[in-house]
Amino acid sequence: MQRAGLSSTVPDDGYCAVIDWDGKACFDGYGEWFYLLDDYDDHVPIAIRWSHQTLNGSWRRGVIYSDRGPGVWTSVNKSFEENLFVSYELCDFDVSTKKEYNCVGPGWGPT
């Protein structure tokens, strides 16, 4: 579980594989950055639920959430094994329970 920080970069739409009325979830494999944009003023935070299978077959999984409100790009830098893929979904997020729900996707991106 990781809270996304404010982003000084806005990703190109080509990196945003999951777009819903609720927001955008994006992944840029160069530097391995996840980006989140909450597009809906419903006072519900959003999240990215991601997974990555490593070369040895094990799985890494996680959740990145943003509670910064609508219209604010947030981001988190991760590190993955190169020349593989990461999958991710855009979800609503309950901060009090630390649970994601109503997920859409998946999107895929190369590492």
# chains A, B, ... in the order shown; residues from 1 in each chain; ligands from 1
>>> residues_around(residues="A:Gly105", least_positions_apart="5", cutoff="7 Å", atoms="only C-alpha atoms", output="list in words")
Val18, Tyr88, Glu89 and Leu90 of chain A
>>> select_by_dssp(residues="chain A", states="strand (DSSP E)", output="ChimeraX atom specification")
/A:2-3,5-6,18-20,23-28,33-38,46-53,59-66,73-77,85-94,99-110
>>> residues_around(residues="stretch 2-16 of chain A", least_positions_apart="5", cutoff="7 Å", atoms="only C-alpha atoms", output="number ranges by chain")
A: 24-28, 63-66, 73-76
>>> write_last_selection(atoms="N, CA and C atoms", output="CSV table (one decimal), in the first residue's frame")
chain,number,residue,atom,x,y,z
A,24,LYS,N,-8.1,8.2,-14.6
A,24,LYS,CA,-7.1,7.6,-15.5
A,24,LYS,C,-6.0,6.9,-14.7
A,25,ALA,N,-5.6,5.7,-15.2
A,25,ALA,CA,-4.5,5.0,-14.6
A,25,ALA,C,-3.5,4.8,-15.7
A,26,CYS,N,-2.3,5.1,-15.5
A,26,CYS,CA,-1.2,5.2,-16.5
A,26,CYS,C,0.0,4.5,-16.0
A,27,PHE,N,0.8,3.9,-17.0
A,27,PHE,CA,2.1,3.4,-16.6
A,27,PHE,C,3.1,3.7,-17.8
A,28,ASP,N,4.2,4.3,-17.4
A,28,ASP,CA,5.3,4.6,-18.3
A,28,ASP,C,6.5,3.7,-18.0
A,63,VAL,N,-0.8,-1.9,-4.3
A,63,VAL,CA,-1.8,-0.9,-4.5
A,63,VAL,C,-1.2,0.5,-4.3
A,64,ILE,N,-1.5,1.4,-5.2
A,64,ILE,CA,-1.1,2.8,-5.1
A,64,ILE,C,-2.4,3.6,-5.1
A,65,TYR,N,-2.6,4.4,-4.1
A,65,TYR,CA,-3.8,5.2,-4.0
A,65,TYR,C,-3.6,6.7,-4.0
A,66,SER,N,-4.6,7.4,-4.4
A,66,SER,CA,-4.5,8.9,-4.4
A,66,SER,C,-5.8,9.4,-3.8
A,73,TRP,N,-3.0,15.3,-10.8
A,73,TRP,CA,-2.1,14.2,-11.2
A,73,TRP,C,-1.2,13.8,-10.1
A,74,THR,N,-1.2,12.5,-9.8
A,74,THR,CA,-0.3,11.9,-8.8
A,74,THR,C,0.6,10.8,-9.4
A,75,SER,N,1.7,10.5,-8.8
A,75,SER,CA,2.6,9.4,-9.4
A,75,SER,C,3.4,8.7,-8.3
A,76,VAL,N,3.9,7.6,-8.7
A,76,VAL,CA,4.8,6.7,-7.8
A,76,VAL,C,5.8,6.1,-8.8
>>> closest_residue(among="A:Leu37, A:Ala17, A:Cys91, A:Val86", to="A:Ser51", atoms="only C-alpha atoms")
A:Val86
>>> residues_around(residues="stretch 39-45 of chain A", least_positions_apart="3", cutoff="8 Å", atoms="only C-alpha atoms", output="PDB file with C-alpha atoms, in the first residue's frame")
ATOM      1  CA  TRP A  21     -15.436   8.086 -15.959  1.00  0.00           C
ATOM      2  CA  ASP A  22     -13.802   7.956 -12.525  1.00  0.00           C
ATOM      3  CA  GLY A  23     -10.241   8.718 -13.653  1.00  0.00           C
ATOM      4  CA  LYS A  24      -7.122   7.581 -15.471  1.00  0.00           C
ATOM      5  CA  TYR A  65      -3.828   5.207  -4.022  1.00  0.00           C
ATOM      6  CA  SER A  66      -4.530   8.888  -4.414  1.00  0.00           C
ATOM      7  CA  ASP A  67      -6.740  10.881  -2.064  1.00  0.00           C
ATOM      8  CA  ARG A  68      -5.662  14.277  -3.442  1.00  0.00           C
ATOM      9  CA  GLY A  69      -9.036  14.986  -5.065  1.00  0.00           C
ATOM     10  CA  PRO A  70     -10.207  15.550  -8.625  1.00  0.00           C
ATOM     11  CA  GLY A  71      -8.045  17.158 -11.287  1.00  0.00           C
ATOM     12  CA  ASP A  92     -12.068   3.191  -6.150  1.00  0.00           C
ATOM     13  CA  PHE A  93     -10.336   3.171  -2.762  1.00  0.00           C
ATOM     14  CA  ASP A  94     -11.539   3.251   0.849  1.00  0.00           C
ATOM     15  CA  VAL A  95      -8.849   4.976   2.920  1.00  0.00           C
TER      16      VAL A  95
END
